[in-house]
Structures are given as C-alpha cells and as structure tokens.
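Engineer: Below is the file target03.cif, which contains mmCIF, C-alpha atoms.
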```cif
data_entry
#
loop_
_atom_site.group_PDB
_atom_site.id
_atom_site.type_symbol
_atom_site.label_atom_id
_atom_site.label_comp_id
_atom_site.auth_asym_id
_atom_site.auth_seq_id
_atom_site.Cartn_x
_atom_site.Cartn_y
_atom_site.Cartn_z
ATOM 1 C CA MET I 1 66.270 118.521 -17.137
ATOM 2 C CA THR I 2 65.532 115.405 -19.185
ATOM 3 C CA PHE I 3 64.211 115.331 -22.729
ATOM 4 C CA ARG I 4 63.799 112.904 -25.589
ATOM 5 C CA ILE I 5 66.146 113.417 -28.527
ATOM 6 C CA GLY I 6 64.776 110.697 -30.785
ATOM 7 C CA GLY I 7 63.729 107.069 -30.767
ATOM 8 C CA ASP I 8 64.643 105.639 -27.401
ATOM 9 C CA GLU I 9 67.379 108.201 -26.774
ATOM 10 C CA PHE I 10 67.178 110.731 -23.977
ATOM 11 C CA ALA I 11 69.368 113.542 -22.708
ATOM 12 C CA LEU I 12 69.835 114.557 -19.099
ATOM 13 C CA ILE I 13 71.253 118.036 -18.595
ATOM 14 C CA THR I 14 72.719 118.452 -15.123
ATOM 15 C CA GLY I 15 73.953 122.030 -15.167
ATOM 16 C CA SER I 16 77.041 120.769 -13.309
ATOM 17 C CA LYS I 17 80.642 121.483 -14.298
ATOM 18 C CA ASP I 18 81.870 118.692 -11.991
ATOM 19 C CA LEU I 19 82.798 115.713 -14.189
ATOM 20 C CA SER I 20 83.006 113.300 -11.240
ATOM 21 C CA TYR I 21 79.440 114.212 -10.245
ATOM 22 C CA VAL I 22 78.223 113.552 -13.797
ATOM 23 C CA GLU I 23 80.108 110.230 -13.925
ATOM 24 C CA ASP I 24 78.547 109.214 -10.589
ATOM 25 C CA LEU I 25 75.116 110.168 -11.909
ATOM 26 C CA SER I 26 75.731 108.072 -15.046
ATOM 27 C CA ARG I 27 76.725 105.080 -12.921
ATOM 28 C CA GLU I 28 73.550 105.508 -10.848
ATOM 29 C CA VAL I 29 71.389 105.487 -14.000
ATOM 30 C CA LEU I 30 73.262 102.479 -15.403
ATOM 31 C CA SER I 31 72.854 100.588 -12.122
ATOM 32 C CA HIS I 32 69.240 100.003 -13.178
ATOM 33 C CA ASN I 33 70.264 97.801 -16.115
ATOM 34 C CA GLY I 34 68.468 94.489 -15.942
ATOM 35 C CA GLU I 35 65.553 95.863 -13.923
ATOM 36 C CA TYR I 36 62.133 95.607 -15.529
ATOM 37 C CA VAL I 37 59.469 98.056 -16.607
ATOM 38 C CA SER I 38 55.911 96.910 -17.211
ATOM 39 C CA TRP I 39 54.155 97.821 -20.425
ATOM 40 C CA GLU I 40 50.954 96.272 -21.809
ATOM 41 C CA ASN I 41 51.146 93.350 -19.378
ATOM 42 C CA GLN I 42 54.746 92.598 -20.355
ATOM 43 C CA LYS I 43 57.937 92.926 -18.351
ATOM 44 C CA ILE I 44 60.686 94.546 -20.391
ATOM 45 C CA PRO I 45 64.274 94.479 -19.098
ATOM 46 C CA LEU I 46 66.148 97.769 -19.127
ATOM 47 C CA SER I 47 69.263 97.921 -21.261
ATOM 48 C CA LEU I 48 70.838 101.323 -20.784
ATOM 49 C CA ARG I 49 74.027 103.042 -21.922
ATOM 50 C CA ALA I 50 75.347 106.489 -21.140
ATOM 51 C CA GLY I 51 77.627 108.938 -22.873
ATOM 52 C CA ILE I 52 78.838 112.251 -21.501
ATOM 53 C CA HIS I 53 79.016 115.450 -23.532
ATOM 54 C CA GLN I 54 80.081 118.763 -22.036
ATOM 55 C CA VAL I 55 78.051 121.680 -23.304
ATOM 56 C CA PRO I 56 80.151 124.796 -24.025
ATOM 57 C CA GLU I 57 79.285 127.915 -22.062
ATOM 58 C CA ASN I 58 79.029 130.186 -25.097
ATOM 59 C CA ASN I 59 75.890 130.583 -27.183
ATOM 60 C CA LEU I 60 75.122 127.134 -28.484
ATOM 61 C CA LYS I 61 73.175 126.259 -31.587
ATOM 62 C CA TYR I 62 70.817 123.292 -31.367
ATOM 63 C CA ASP I 63 72.599 121.520 -34.251
ATOM 64 C CA ASP I 64 75.937 121.745 -32.424
ATOM 65 C CA PHE I 65 74.400 120.438 -29.207
ATOM 66 C CA TYR I 66 72.617 117.595 -30.981
ATOM 67 C CA SER I 67 75.761 116.695 -32.932
ATOM 68 C CA GLY I 68 77.830 116.566 -29.743
ATOM 69 C CA MET I 69 75.305 114.342 -28.012
ATOM 70 C CA HIS I 70 75.263 111.924 -30.920
ATOM 71 C CA LYS I 71 79.052 111.758 -30.959
ATOM 72 C CA ALA I 72 78.917 110.756 -27.277
ATOM 73 C CA ILE I 73 76.257 108.141 -28.052
ATOM 74 C CA GLU I 74 78.280 106.705 -30.953
ATOM 75 C CA GLU I 75 81.417 106.539 -28.808
ATOM 76 C CA CYS I 76 79.444 104.683 -26.163
ATOM 77 C CA ARG I 77 78.179 102.201 -28.752
ATOM 78 C CA ARG I 78 81.700 101.751 -30.153
ATOM 79 C CA GLN I 79 83.083 101.068 -26.664
ATOM 80 C CA GLU I 80 80.263 98.597 -26.034
ATOM 81 C CA GLN I 81 81.232 96.726 -29.216
ATOM 82 C CA ILE I 82 84.867 96.602 -28.112
ATOM 83 C CA VAL I 83 83.898 95.204 -24.702
ATOM 84 C CA LYS I 84 81.698 92.519 -26.286
ATOM 85 C CA LYS I 85 84.550 91.409 -28.606
ATOM 86 C CA VAL I 86 87.000 90.942 -25.717
#
```
So that I can check it, write out the structure of this file as structure tokens.

Structural biologist:
Amino acid sequence: MTFRIGGDEFALITGSKDLSYVEDLSREVLSHNGEYVSWENQKIPLSLRAGIHQVPENNLKYDDFYSGMHKAIEECRRQEQIVKKV
C-alpha cells in the first residue's frame, strides 16, 4: 500500500518482515533516480531517497507511526548530507 504523508513524501507499506526484501525494494525504487516524469509539457528529473521504518506488531497509534517514518526520513537526509560532504 502506498500513501502520501505530506508534501512530496510518500510511504510504502510492504507487510513484509524480511528486511532484505525491503532493502531490495528500496534499491529498485531508487534505481529510477535521474529518470524523467512529464508534467505540463516539462520533463522533471526524479530525485528520490528512501528510509526504512519497521512498524511494530502491537496496536499502533498514527502519531507513533508518523513519528517513526519521519525519523527514518531525517536519518536518510542526514546520511545524504554526509555523503555529499565526503
């Protein structure tokens, strides 16, 4: 299931407990970086990042889920900054 969580941020929920599967899926999504989408007669290059957040199996409140996703997004951004500085 995919849904928008705000701005240009989206979540993909796999339902899988297999971390290697989720990492492979992330790599597949990221492999589209640099490809173009067309919008209003313009070609816009994709610039994607991915973070992984495991959802606990117990009853989960939306705020906890949202908070965990944003921590994953921030970690991804922080890592991207580190890579650019090197």

Engineer: For Pro45 of chain I, please output as a PDB file with C-alpha atoms, in the coordinates of the input all residues within 6 Å (counting all atoms listed in the file; exclusion window: fewer than 2 positions along the same chain).

Structural biologist:
```
ATOM      1  CA  GLY I  34      68.468  94.489 -15.942  1.00  0.00           C
ATOM      2  CA  GLU I  35      65.553  95.863 -13.923  1.00  0.00           C
ATOM      3  CA  TYR I  36      62.133  95.607 -15.529  1.00  0.00           C
TER       4      TYR I  36
END
```

Engineer: State, in Å with one decimal place, the distance from atom CA of Glu23 of chain I to atom CA of Asp64 of chain I.

Structural biologist: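 Here the two named atoms are 22.2 Å from each other.
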
Engineer: Taking only C-alpha atoms into account, name the residue in I:Val37, I:Gly51, I:Asn58, I:Ile44 that is nearest to Leu25 of chain I.

Structural biologist: I:Gly51

Engineer: Can you pull out every residue within 10 Å of Cys76 of chain I, counting only C-alpha atoms, but drop anything in the same chain fewer than 4 positions away, and send it as an MDAnalysis selection string?

Structural biologist: chainID I and resid 49:52 70:72 80:82

Engineer: Take the point (76.6, 115.7, -30.4) in the file's coordinates, draw a sphere of radius 12 Å around it, and report as a PyMOL selection string every protein, DNA or RNA residue with an atom inside or on it, counting all atoms listed in the file.

Structural biologist: chain I and resi 5+11+51-56+60-75

Engineer: When the PyMOL selection byres ((chain I and resi 48) around 9) is applied to the structure above, which residues does it catch, written out as a ChimeraX atom specification?

Structural biologist: /I:29-34,46-47,49-50

Engineer: Would you mind exporting C-alpha atoms of the selected residues as a PDB file, keeping the file's coordinate frame?

Structural biologist:
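Listed below is the output, out_26.pdb:
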```pdb
ATOM      1  CA  VAL I  29      71.389 105.487 -14.000  1.00  0.00           C
ATOM      2  CA  LEU I  30      73.262 102.479 -15.403  1.00  0.00           C
ATOM      3  CA  SER I  31      72.854 100.588 -12.122  1.00  0.00           C
ATOM      4  CA  HIS I  32      69.240 100.003 -13.178  1.00  0.00           C
ATOM      5  CA  ASN I  33      70.264  97.801 -16.115  1.00  0.00           C
ATOM      6  CA  GLY I  34      68.468  94.489 -15.942  1.00  0.00           C
ATOM      7  CA  LEU I  46      66.148  97.769 -19.127  1.00  0.00           C
ATOM      8  CA  SER I  47      69.263  97.921 -21.261  1.00  0.00           C
ATOM      9  CA  ARG I  49      74.027 103.042 -21.922  1.00  0.00           C
ATOM     10  CA  ALA I  50      75.347 106.489 -21.140  1.00  0.00           C
TER      11      ALA I  50
END
```
